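**Student:** One file: entry_4.cif (mmCIF, N, CA, C and O atoms).
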data_input
#
loop_
_atom_site.label_atom_id
_atom_site.label_comp_id
_atom_site.auth_asym_id
_atom_site.auth_seq_id
_atom_site.Cartn_x
_atom_site.Cartn_y
_atom_site.Cartn_z
N MET S 22 -8.17 -27.72 14.17
CA MET S 22 -9.15 -26.68 14.04
C MET S 22 -8.72 -25.43 14.80
O MET S 22 -8.88 -24.33 14.31
N LEU S 23 -8.17 -25.62 15.98
CA LEU S 23 -7.71 -24.49 16.77
C LEU S 23 -6.55 -23.77 16.08
O LEU S 23 -6.50 -22.54 16.06
N SER S 24 -5.66 -24.55 15.46
CA SER S 24 -4.52 -23.93 14.79
C SER S 24 -4.98 -23.10 13.59
O SER S 24 -4.39 -22.06 13.29
N ARG S 25 -6.04 -23.54 12.90
CA ARG S 25 -6.59 -22.77 11.78
C ARG S 25 -7.15 -21.44 12.27
O ARG S 25 -6.97 -20.40 11.63
N THR S 26 -7.83 -21.46 13.39
CA THR S 26 -8.42 -20.25 13.97
C THR S 26 -7.32 -19.28 14.38
O THR S 26 -7.41 -18.08 14.12
N VAL S 27 -6.29 -19.80 15.03
CA VAL S 27 -5.17 -18.96 15.46
C VAL S 27 -4.46 -18.37 14.24
O VAL S 27 -4.09 -17.19 14.23
N SER S 28 -4.27 -19.17 13.21
CA SER S 28 -3.63 -18.70 11.99
C SER S 28 -4.45 -17.59 11.33
O SER S 28 -3.90 -16.58 10.89
N ALA S 29 -5.76 -17.77 11.25
CA ALA S 29 -6.63 -16.75 10.65
C ALA S 29 -6.61 -15.47 11.46
O ALA S 29 -6.59 -14.36 10.90
N LEU S 30 -6.58 -15.60 12.79
CA LEU S 30 -6.51 -14.43 13.65
C LEU S 30 -5.19 -13.68 13.45
O LEU S 30 -5.16 -12.46 13.35
N GLY S 31 -4.10 -14.43 13.37
CA GLY S 31 -2.79 -13.83 13.12
C GLY S 31 -2.74 -13.10 11.79
O GLY S 31 -2.19 -12.00 11.69
N GLN S 32 -3.35 -13.70 10.76
CA GLN S 32 -3.40 -13.07 9.44
C GLN S 32 -4.18 -11.76 9.50
O GLN S 32 -3.76 -10.76 8.94
N LYS S 33 -5.31 -11.75 10.19
CA LYS S 33 -6.13 -10.54 10.31
C LYS S 33 -5.39 -9.44 11.07
O LYS S 33 -5.45 -8.26 10.70
N LEU S 34 -4.69 -9.81 12.13
CA LEU S 34 -3.93 -8.82 12.89
C LEU S 34 -2.80 -8.22 12.05
O LEU S 34 -2.54 -7.02 12.10
N THR S 35 -2.14 -9.06 11.26
CA THR S 35 -1.08 -8.57 10.39
C THR S 35 -1.65 -7.66 9.31
O THR S 35 -1.09 -6.60 9.02
N GLU S 36 -2.79 -8.04 8.72
CA GLU S 36 -3.44 -7.19 7.72
C GLU S 36 -3.78 -5.83 8.31
O GLU S 36 -3.57 -4.80 7.68
N ARG S 37 -4.30 -5.83 9.53
CA ARG S 37 -4.64 -4.57 10.19
C ARG S 37 -3.42 -3.69 10.40
O ARG S 37 -3.46 -2.48 10.18
N ALA S 38 -2.33 -4.31 10.84
CA ALA S 38 -1.10 -3.55 11.09
C ALA S 38 -0.56 -2.95 9.79
O ALA S 38 -0.17 -1.79 9.76
N VAL S 39 -0.57 -3.73 8.72
CA VAL S 39 -0.07 -3.25 7.44
C VAL S 39 -0.97 -2.14 6.91
O VAL S 39 -0.50 -1.09 6.46
N LEU S 40 -2.29 -2.33 6.97
CA LEU S 40 -3.23 -1.32 6.48
C LEU S 40 -3.11 -0.03 7.29
O LEU S 40 -3.13 1.07 6.73
N ARG S 41 -2.96 -0.14 8.58
CA ARG S 41 -2.80 1.04 9.44
C ARG S 41 -1.53 1.80 9.06
O ARG S 41 -1.52 3.03 8.98
N THR S 42 -0.45 1.06 8.81
CA THR S 42 0.81 1.68 8.43
C THR S 42 0.69 2.40 7.09
O THR S 42 1.18 3.52 6.93
N ILE S 43 0.01 1.78 6.13
CA ILE S 43 -0.16 2.39 4.81
C ILE S 43 -1.04 3.64 4.91
O ILE S 43 -0.78 4.64 4.25
N ARG S 44 -2.06 3.59 5.76
CA ARG S 44 -2.92 4.78 5.93
C ARG S 44 -2.15 5.94 6.55
O ARG S 44 -2.34 7.09 6.19
N LYS S 45 -1.28 5.64 7.51
CA LYS S 45 -0.51 6.70 8.16
C LYS S 45 0.54 7.30 7.22
O LYS S 45 0.81 8.49 7.28
N ARG S 46 1.14 6.46 6.39
CA ARG S 46 2.22 6.91 5.51
C ARG S 46 2.00 6.39 4.09
O ARG S 46 2.66 5.43 3.67
N PRO S 47 1.09 7.01 3.33
CA PRO S 47 0.85 6.53 1.96
C PRO S 47 2.10 6.67 1.09
O PRO S 47 2.90 7.57 1.31
N GLY S 48 2.23 5.76 0.15
CA GLY S 48 3.38 5.79 -0.75
C GLY S 48 4.57 5.01 -0.26
O GLY S 48 5.67 5.14 -0.79
N LEU S 49 4.37 4.15 0.75
CA LEU S 49 5.48 3.34 1.25
C LEU S 49 5.82 2.21 0.28
O LEU S 49 5.00 1.79 -0.51
N ARG S 50 7.03 1.73 0.40
CA ARG S 50 7.46 0.55 -0.36
C ARG S 50 7.42 -0.64 0.59
O ARG S 50 7.34 -0.48 1.80
N LEU S 51 7.49 -1.83 0.04
CA LEU S 51 7.32 -3.04 0.84
C LEU S 51 8.35 -3.15 1.96
O LEU S 51 8.00 -3.49 3.08
N PHE S 52 9.62 -2.84 1.68
CA PHE S 52 10.62 -2.99 2.73
C PHE S 52 10.37 -2.00 3.87
O PHE S 52 10.65 -2.29 5.02
N GLU S 53 9.80 -0.83 3.55
CA GLU S 53 9.47 0.13 4.60
C GLU S 53 8.31 -0.38 5.45
O GLU S 53 8.29 -0.20 6.66
N ILE S 54 7.34 -1.00 4.79
CA ILE S 54 6.20 -1.57 5.52
C ILE S 54 6.68 -2.68 6.43
O ILE S 54 6.29 -2.77 7.59
N ASN S 55 7.56 -3.55 5.92
CA ASN S 55 8.11 -4.62 6.76
C ASN S 55 8.76 -4.06 8.01
O ASN S 55 8.52 -4.51 9.11
N ASP S 56 9.60 -3.04 7.81
CA ASP S 56 10.35 -2.48 8.92
C ASP S 56 9.42 -1.84 9.94
O ASP S 56 9.62 -1.98 11.14
N LEU S 57 8.39 -1.15 9.46
CA LEU S 57 7.50 -0.43 10.38
C LEU S 57 6.51 -1.35 11.08
O LEU S 57 6.13 -1.09 12.21
N THR S 58 6.06 -2.40 10.42
CA THR S 58 5.00 -3.21 11.01
C THR S 58 5.52 -4.51 11.62
O THR S 58 5.09 -4.89 12.69
N LEU S 59 6.40 -5.18 10.93
CA LEU S 59 6.84 -6.49 11.40
C LEU S 59 8.27 -6.50 11.92
O LEU S 59 8.77 -7.52 12.35
N ARG S 60 8.94 -5.35 11.83
CA ARG S 60 10.32 -5.23 12.31
C ARG S 60 11.28 -6.21 11.63
O ARG S 60 12.21 -6.69 12.24
N SER S 61 11.01 -6.51 10.37
CA SER S 61 11.89 -7.43 9.65
C SER S 61 11.87 -7.13 8.17
O SER S 61 10.82 -7.04 7.56
N HIS S 62 13.03 -6.96 7.57
CA HIS S 62 13.12 -6.74 6.13
C HIS S 62 12.95 -8.05 5.36
O HIS S 62 12.79 -8.04 4.16
N HIS S 63 13.00 -9.16 6.04
CA HIS S 63 12.98 -10.45 5.37
C HIS S 63 11.69 -11.21 5.59
O HIS S 63 11.63 -12.41 5.41
N SER S 64 10.63 -10.52 5.96
CA SER S 64 9.37 -11.19 6.24
C SER S 64 8.58 -11.40 4.95
O SER S 64 8.13 -10.45 4.33
N TRP S 65 8.40 -12.65 4.57
CA TRP S 65 7.60 -12.96 3.38
C TRP S 65 6.13 -12.85 3.70
O TRP S 65 5.30 -12.78 2.82
N GLY S 66 5.78 -12.83 4.99
CA GLY S 66 4.39 -12.71 5.39
C GLY S 66 3.77 -11.41 4.91
O GLY S 66 2.61 -11.37 4.50
N THR S 67 4.53 -10.33 4.93
CA THR S 67 4.00 -9.04 4.50
C THR S 67 3.64 -9.05 3.04
O THR S 67 2.63 -8.47 2.64
N LYS S 68 4.43 -9.74 2.22
CA LYS S 68 4.14 -9.78 0.80
C LYS S 68 2.78 -10.42 0.54
O LYS S 68 1.99 -9.92 -0.26
N SER S 69 2.48 -11.50 1.22
CA SER S 69 1.18 -12.15 1.02
C SER S 69 0.06 -11.32 1.61
O SER S 69 -1.03 -11.25 1.05
N VAL S 70 0.31 -10.61 2.71
CA VAL S 70 -0.70 -9.75 3.31
C VAL S 70 -1.02 -8.60 2.36
O VAL S 70 -2.19 -8.27 2.13
N VAL S 71 0.00 -7.99 1.77
CA VAL S 71 -0.21 -6.89 0.83
C VAL S 71 -0.97 -7.38 -0.39
O VAL S 71 -1.89 -6.72 -0.88
N THR S 72 -0.65 -8.58 -0.88
CA THR S 72 -1.37 -9.15 -2.01
C THR S 72 -2.84 -9.37 -1.67
O THR S 72 -3.72 -9.06 -2.47
N ASN S 73 -3.10 -9.89 -0.47
CA ASN S 73 -4.49 -10.10 -0.04
C ASN S 73 -5.24 -8.78 0.08
O ASN S 73 -6.39 -8.68 -0.34
N LEU S 74 -4.61 -7.76 0.64
CA LEU S 74 -5.25 -6.45 0.77
C LEU S 74 -5.55 -5.84 -0.60
O LEU S 74 -6.59 -5.23 -0.80
N GLU S 75 -4.64 -6.04 -1.54
CA GLU S 75 -4.87 -5.53 -2.89
C GLU S 75 -6.03 -6.27 -3.55
O GLU S 75 -6.89 -5.67 -4.19
N ARG S 76 -6.08 -7.57 -3.38
CA ARG S 76 -7.16 -8.37 -3.95
C ARG S 76 -8.52 -7.99 -3.36
O ARG S 76 -9.53 -7.98 -4.04
N GLN S 77 -8.53 -7.63 -2.07
CA GLN S 77 -9.77 -7.22 -1.40
C GLN S 77 -10.17 -5.79 -1.76
O GLN S 77 -11.26 -5.35 -1.41
N GLY S 78 -9.29 -5.05 -2.43
CA GLY S 78 -9.60 -3.68 -2.82
C GLY S 78 -9.38 -2.66 -1.72
O GLY S 78 -9.88 -1.54 -1.80
N LYS S 79 -8.61 -3.01 -0.70
CA LYS S 79 -8.36 -2.08 0.41
C LYS S 79 -7.16 -1.18 0.16
O LYS S 79 -7.04 -0.14 0.79
N ILE S 80 -6.27 -1.60 -0.74
CA ILE S 80 -5.13 -0.77 -1.10
C ILE S 80 -4.96 -0.77 -2.62
O ILE S 80 -5.46 -1.67 -3.30
N THR S 81 -4.28 0.24 -3.11
CA THR S 81 -3.89 0.26 -4.52
C THR S 81 -2.37 0.26 -4.59
O THR S 81 -1.70 0.78 -3.69
N VAL S 82 -1.86 -0.34 -5.64
CA VAL S 82 -0.42 -0.45 -5.80
C VAL S 82 -0.04 0.21 -7.11
O VAL S 82 -0.60 -0.10 -8.16
N VAL S 83 0.90 1.15 -7.04
CA VAL S 83 1.40 1.82 -8.23
C VAL S 83 2.68 1.10 -8.65
O VAL S 83 3.65 1.08 -7.89
N ARG S 84 2.65 0.52 -9.83
CA ARG S 84 3.83 -0.21 -10.33
C ARG S 84 4.45 0.46 -11.56
O ARG S 84 5.52 0.08 -11.98
N HIS S 85 3.73 1.42 -12.14
CA HIS S 85 4.23 2.13 -13.33
C HIS S 85 3.95 3.62 -13.20
O HIS S 85 3.00 4.01 -12.54
N ARG S 86 4.77 4.42 -13.83
CA ARG S 86 4.54 5.86 -13.90
C ARG S 86 4.62 6.27 -15.36
O ARG S 86 5.37 5.70 -16.14
N LEU S 87 3.83 7.27 -15.70
CA LEU S 87 3.91 7.84 -17.04
C LEU S 87 5.09 8.79 -17.10
O LEU S 87 5.21 9.69 -16.27
N MET S 88 5.95 8.59 -18.06
CA MET S 88 7.14 9.43 -18.23
C MET S 88 7.16 9.96 -19.67
O MET S 88 6.75 9.27 -20.60
N TRP S 89 7.67 11.16 -19.83
CA TRP S 89 7.77 11.77 -21.14
C TRP S 89 9.07 11.33 -21.80
O TRP S 89 10.15 11.47 -21.23
N ASN S 90 8.96 10.75 -22.99
CA ASN S 90 10.12 10.36 -23.77
C ASN S 90 10.37 11.46 -24.78
O ASN S 90 9.65 11.59 -25.77
N SER S 91 11.40 12.25 -24.54
CA SER S 91 11.64 13.43 -25.39
C SER S 91 12.17 13.05 -26.77
O SER S 91 11.98 13.79 -27.73
N LYS S 92 12.80 11.90 -26.89
CA LYS S 92 13.31 11.48 -28.20
C LYS S 92 12.18 11.15 -29.16
O LYS S 92 12.20 11.53 -30.33
N GLU S 93 11.19 10.41 -28.66
CA GLU S 93 10.09 9.98 -29.52
C GLU S 93 8.85 10.87 -29.38
O GLU S 93 7.87 10.66 -30.06
N GLN S 94 8.91 11.85 -28.47
CA GLN S 94 7.81 12.77 -28.24
C GLN S 94 6.50 12.06 -27.87
O GLN S 94 5.44 12.39 -28.39
N ILE S 95 6.61 11.06 -26.99
CA ILE S 95 5.42 10.35 -26.53
C ILE S 95 5.52 10.09 -25.03
O ILE S 95 6.60 10.17 -24.45
N MET S 96 4.38 9.82 -24.43
CA MET S 96 4.34 9.40 -23.03
C MET S 96 4.44 7.88 -23.01
O MET S 96 3.80 7.21 -23.82
N GLU S 97 5.26 7.35 -22.12
CA GLU S 97 5.36 5.90 -21.99
C GLU S 97 5.36 5.51 -20.53
O GLU S 97 5.70 6.29 -19.65
N ARG S 98 4.93 4.28 -20.28
CA ARG S 98 4.87 3.75 -18.92
C ARG S 98 6.22 3.15 -18.55
O ARG S 98 6.73 2.30 -19.24
N LYS S 99 6.78 3.62 -17.43
CA LYS S 99 8.04 3.10 -16.93
C LYS S 99 7.77 2.37 -15.62
O LYS S 99 7.04 2.88 -14.76
N PRO S 100 8.33 1.18 -15.44
CA PRO S 100 8.12 0.47 -14.18
C PRO S 100 8.86 1.18 -13.04
O PRO S 100 9.93 1.73 -13.22
N VAL S 101 8.23 1.17 -11.87
CA VAL S 101 8.85 1.70 -10.64
C VAL S 101 8.68 0.65 -9.56
O VAL S 101 7.86 -0.26 -9.68
N LYS S 102 9.46 0.80 -8.50
CA LYS S 102 9.27 -0.10 -7.36
C LYS S 102 7.88 0.16 -6.81
O LYS S 102 7.46 1.31 -6.69
N PRO S 103 7.12 -0.88 -6.46
CA PRO S 103 5.74 -0.70 -6.04
C PRO S 103 5.58 0.25 -4.85
O PRO S 103 6.34 0.20 -3.89
N LEU S 104 4.58 1.12 -4.96
CA LEU S 104 4.20 2.05 -3.90
C LEU S 104 2.77 1.72 -3.48
O LEU S 104 1.91 1.46 -4.33
N TYR S 105 2.50 1.75 -2.18
CA TYR S 105 1.23 1.30 -1.66
C TYR S 105 0.42 2.46 -1.09
O TYR S 105 0.95 3.28 -0.33
N PHE S 106 -0.87 2.52 -1.46
CA PHE S 106 -1.76 3.58 -0.99
C PHE S 106 -3.06 2.94 -0.50
O PHE S 106 -3.57 2.02 -1.12
N ALA S 107 -3.60 3.45 0.60
CA ALA S 107 -4.89 2.96 1.10
C ALA S 107 -6.01 3.51 0.26
O ALA S 107 -5.95 4.65 -0.19
N CYS S 108 -7.04 2.72 0.03
CA CYS S 108 -8.21 3.17 -0.76
C CYS S 108 -9.16 3.93 0.14
O CYS S 108 -9.27 3.72 1.29
#
In structure tokens, what does this structure look like?
**Tutor:**
Amino acid sequence: MLSRTVSALGQKLTERAVLRTIRKRPGLRLFEINDLTLRSHHSWGTKSVVTNLERQGKITVVRHRLMWNSKEQIMERKPVKPLYFAC
């Protein structure tokens, strides 16, 4: 029971750190968030924290951009590396 409480507390502290970082520097990518908050490019913890924050509606993630296709004369969605913004 104590380990569950400690784990939940750790998760909340990490969420706070990630959210604070996104608020200070909107438009960051995941590896930048890792480096700024957890000091590790290889932390899988940040990915789950970002997913939880997105599910809670605290951040928005941009995964596509509208681009003009001059050959077909239409706007189309192009995938981009995810960018994170605080709501």
**Student:** Run DSSP on the backbone and give me the residues of chain S it puts in alpha helix (DSSP H), as an NGL selection string.
**Tutor:** :S and (23-45 or 51-54 or 65-77)
**Student:** Rank S:Leu34, S:Thr67, S:His85, S:Leu23 by their smallest atom-to-atom distance to Leu51 in chain S, using only N, CA, C and O atoms, and report the top residue only.
**Tutor:**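 Smallest distance to Leu51 in chain S is found for S:Thr67.
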**Student:** Just want the 6 Å neighbourhood of Ala107 in chain S, counted on only N, CA, C and O atoms, with same-chain residues fewer than 4 positions away dropped. Output as a list in words.
**Tutor:**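 Everything that qualifies: Ile43, Arg44, Pro47, Lys79, Ile80 and Thr81 of chain S.
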**Student:** Given the file shown, determine the residues that the PyMOL selection byres ((chain S and resi 99-102) around 4.5) selects; report them as a list in words.
**Tutor:** Val83, Arg84, His85, Arg86, Glu97, Arg98, Pro103 and Leu104 of chain S
**Student:** DSSP on the backbone: which residues in chain S end up as strand (DSSP E)? Give the answer as a list in words.
**Tutor:** Ile80, Thr81, Val82, Val83, Arg84, His85, Arg86, Leu87, Met88, Trp89, Asn90, Ile95, Met96, Glu97, Arg98, Lys99, Pro100, Val101, Lys102, Pro103, Leu104, Tyr105, Phe106 and Ala107 of chain S
**Student:** Please produce a file of the residues just selected, as a compact mmCIF listing (two decimals), in the frame of the given file, where the atoms kept are N, CA, C and O atoms.
**Tutor:**
# COMPACT_ATOMS: atom_id res chain seq x y z
N ILE S 80 -6.27 -1.60 -0.74
CA ILE S 80 -5.13 -0.77 -1.10
C ILE S 80 -4.96 -0.77 -2.62
O ILE S 80 -5.46 -1.67 -3.30
N THR S 81 -4.28 0.24 -3.11
CA THR S 81 -3.89 0.26 -4.52
C THR S 81 -2.37 0.26 -4.59
O THR S 81 -1.70 0.78 -3.69
N VAL S 82 -1.86 -0.34 -5.64
CA VAL S 82 -0.42 -0.45 -5.80
C VAL S 82 -0.04 0.21 -7.11
O VAL S 82 -0.60 -0.10 -8.16
N VAL S 83 0.90 1.15 -7.04
CA VAL S 83 1.40 1.82 -8.23
C VAL S 83 2.68 1.10 -8.65
O VAL S 83 3.65 1.08 -7.89
N ARG S 84 2.65 0.52 -9.83
CA ARG S 84 3.83 -0.21 -10.33
C ARG S 84 4.45 0.46 -11.56
O ARG S 84 5.52 0.08 -11.98
N HIS S 85 3.73 1.42 -12.14
CA HIS S 85 4.23 2.13 -13.33
C HIS S 85 3.95 3.62 -13.20
O HIS S 85 3.00 4.01 -12.54
N ARG S 86 4.77 4.42 -13.83
CA ARG S 86 4.54 5.86 -13.90
C ARG S 86 4.62 6.27 -15.36
O ARG S 86 5.37 5.70 -16.14
N LEU S 87 3.83 7.27 -15.70
CA LEU S 87 3.91 7.84 -17.04
C LEU S 87 5.09 8.79 -17.10
O LEU S 87 5.21 9.69 -16.27
N MET S 88 5.95 8.59 -18.06
CA MET S 88 7.14 9.43 -18.23
C MET S 88 7.16 9.96 -19.67
O MET S 88 6.75 9.27 -20.60
N TRP S 89 7.67 11.16 -19.83
CA TRP S 89 7.77 11.77 -21.14
C TRP S 89 9.07 11.33 -21.80
O TRP S 89 10.15 11.47 -21.23
N ASN S 90 8.96 10.75 -22.99
CA ASN S 90 10.12 10.36 -23.77
C ASN S 90 10.37 11.46 -24.78
O ASN S 90 9.65 11.59 -25.77
N ILE S 95 6.61 11.06 -26.99
CA ILE S 95 5.42 10.35 -26.53
C ILE S 95 5.52 10.09 -25.03
O ILE S 95 6.60 10.17 -24.45
N MET S 96 4.38 9.82 -24.43
CA MET S 96 4.34 9.40 -23.03
C MET S 96 4.44 7.88 -23.01
O MET S 96 3.80 7.21 -23.82
N GLU S 97 5.26 7.35 -22.12
CA GLU S 97 5.36 5.90 -21.99
C GLU S 97 5.36 5.51 -20.53
O GLU S 97 5.70 6.29 -19.65
N ARG S 98 4.93 4.28 -20.28
CA ARG S 98 4.87 3.75 -18.92
C ARG S 98 6.22 3.15 -18.55
O ARG S 98 6.73 2.30 -19.24
N LYS S 99 6.78 3.62 -17.43
CA LYS S 99 8.04 3.10 -16.93
C LYS S 99 7.77 2.37 -15.62
O LYS S 99 7.04 2.88 -14.76
N PRO S 100 8.33 1.18 -15.44
CA PRO S 100 8.12 0.47 -14.18
C PRO S 100 8.86 1.18 -13.04
O PRO S 100 9.93 1.73 -13.22
N VAL S 101 8.23 1.17 -11.87
CA VAL S 101 8.85 1.70 -10.64
C VAL S 101 8.68 0.65 -9.56
O VAL S 101 7.86 -0.26 -9.68
N LYS S 102 9.46 0.80 -8.50
CA LYS S 102 9.27 -0.10 -7.36
C LYS S 102 7.88 0.16 -6.81
O LYS S 102 7.46 1.31 -6.69
N PRO S 103 7.12 -0.88 -6.46
CA PRO S 103 5.74 -0.70 -6.04
C PRO S 103 5.58 0.25 -4.85
O PRO S 103 6.34 0.20 -3.89
N LEU S 104 4.58 1.12 -4.96
CA LEU S 104 4.20 2.05 -3.90
C LEU S 104 2.77 1.72 -3.48
O LEU S 104 1.91 1.46 -4.33
N TYR S 105 2.50 1.75 -2.18
CA TYR S 105 1.23 1.30 -1.66
C TYR S 105 0.42 2.46 -1.09
O TYR S 105 0.95 3.28 -0.33
N PHE S 106 -0.87 2.52 -1.46
CA PHE S 106 -1.76 3.58 -0.99
C PHE S 106 -3.06 2.94 -0.50
O PHE S 106 -3.57 2.02 -1.12
N ALA S 107 -3.60 3.45 0.60
CA ALA S 107 -4.89 2.96 1.10
C ALA S 107 -6.01 3.51 0.26
O ALA S 107 -5.95 4.65 -0.19
**Student:** For a quick check of understanding, using only C-alpha atoms, which of S:Leu57, S:Val82, S:Met88, S:Val27 has the smallest distance to Cys108 in chain S?
**Tutor:**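 Checking each candidate against Cys108 in chain S, we get S:Val82 as the closest.
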**Student:** Give me, please, the distance in Å between atom C of Ala29 in chain S and CA of Arg50 in chain S, quoted to one decimal.
**Tutor:**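 A separation of 24.4 Å between them.
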**Student:** Quick one: distance from atom N of Asp56 in chain S to atom C of Thr35 in chain S in Å, one decimal?
**Tutor:** 12.3 Å
**Student:** Quick one: residues within 7 Å of Thr58 in chain S, only C-alpha atoms counted, chain neighbours fewer than 2 positions away excluded, as a compact mmCIF listing (two decimals) with N, CA, C and O atoms, in the coordinates of the input?
**Tutor:**
# COMPACT_ATOMS: atom_id res chain seq x y z
N ALA S 38 -2.33 -4.31 10.84
CA ALA S 38 -1.10 -3.55 11.09
C ALA S 38 -0.56 -2.95 9.79
O ALA S 38 -0.17 -1.79 9.76
N VAL S 39 -0.57 -3.73 8.72
CA VAL S 39 -0.07 -3.25 7.44
C VAL S 39 -0.97 -2.14 6.91
O VAL S 39 -0.50 -1.09 6.46
N THR S 42 -0.45 1.06 8.81
CA THR S 42 0.81 1.68 8.43
C THR S 42 0.69 2.40 7.09
O THR S 42 1.18 3.52 6.93
N ILE S 54 7.34 -1.00 4.79
CA ILE S 54 6.20 -1.57 5.52
C ILE S 54 6.68 -2.68 6.43
O ILE S 54 6.29 -2.77 7.59
N ASN S 55 7.56 -3.55 5.92
CA ASN S 55 8.11 -4.62 6.76
C ASN S 55 8.76 -4.06 8.01
O ASN S 55 8.52 -4.51 9.11
N ASP S 56 9.60 -3.04 7.81
CA ASP S 56 10.35 -2.48 8.92
C ASP S 56 9.42 -1.84 9.94
O ASP S 56 9.62 -1.98 11.14
N ARG S 60 8.94 -5.35 11.83
CA ARG S 60 10.32 -5.23 12.31
C ARG S 60 11.28 -6.21 11.63
O ARG S 60 12.21 -6.69 12.24
**Student:** Let me have the centre and edge lengths in Å, one decimal, of the box along x, y and z around every listed atom of range 77-95 of chain S with 6 Å of margin on each side, as JSON.
**Tutor:**
{"center_x": 1.0, "center_y": 3.1, "center_z": -14.8, "size_x": 36.6, "size_y": 33.4, "size_z": 43.1}
**Student:** Pick from S:Trp89, S:Phe106, S:Arg41, S:Arg46: nearest to Glu75 in chain S, with all atoms listed in the file counted?
**Tutor:**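 Going through S:Trp89, S:Phe106, S:Arg41, S:Arg46 one by one, the smallest distance to Glu75 in chain S is for S:Phe106.
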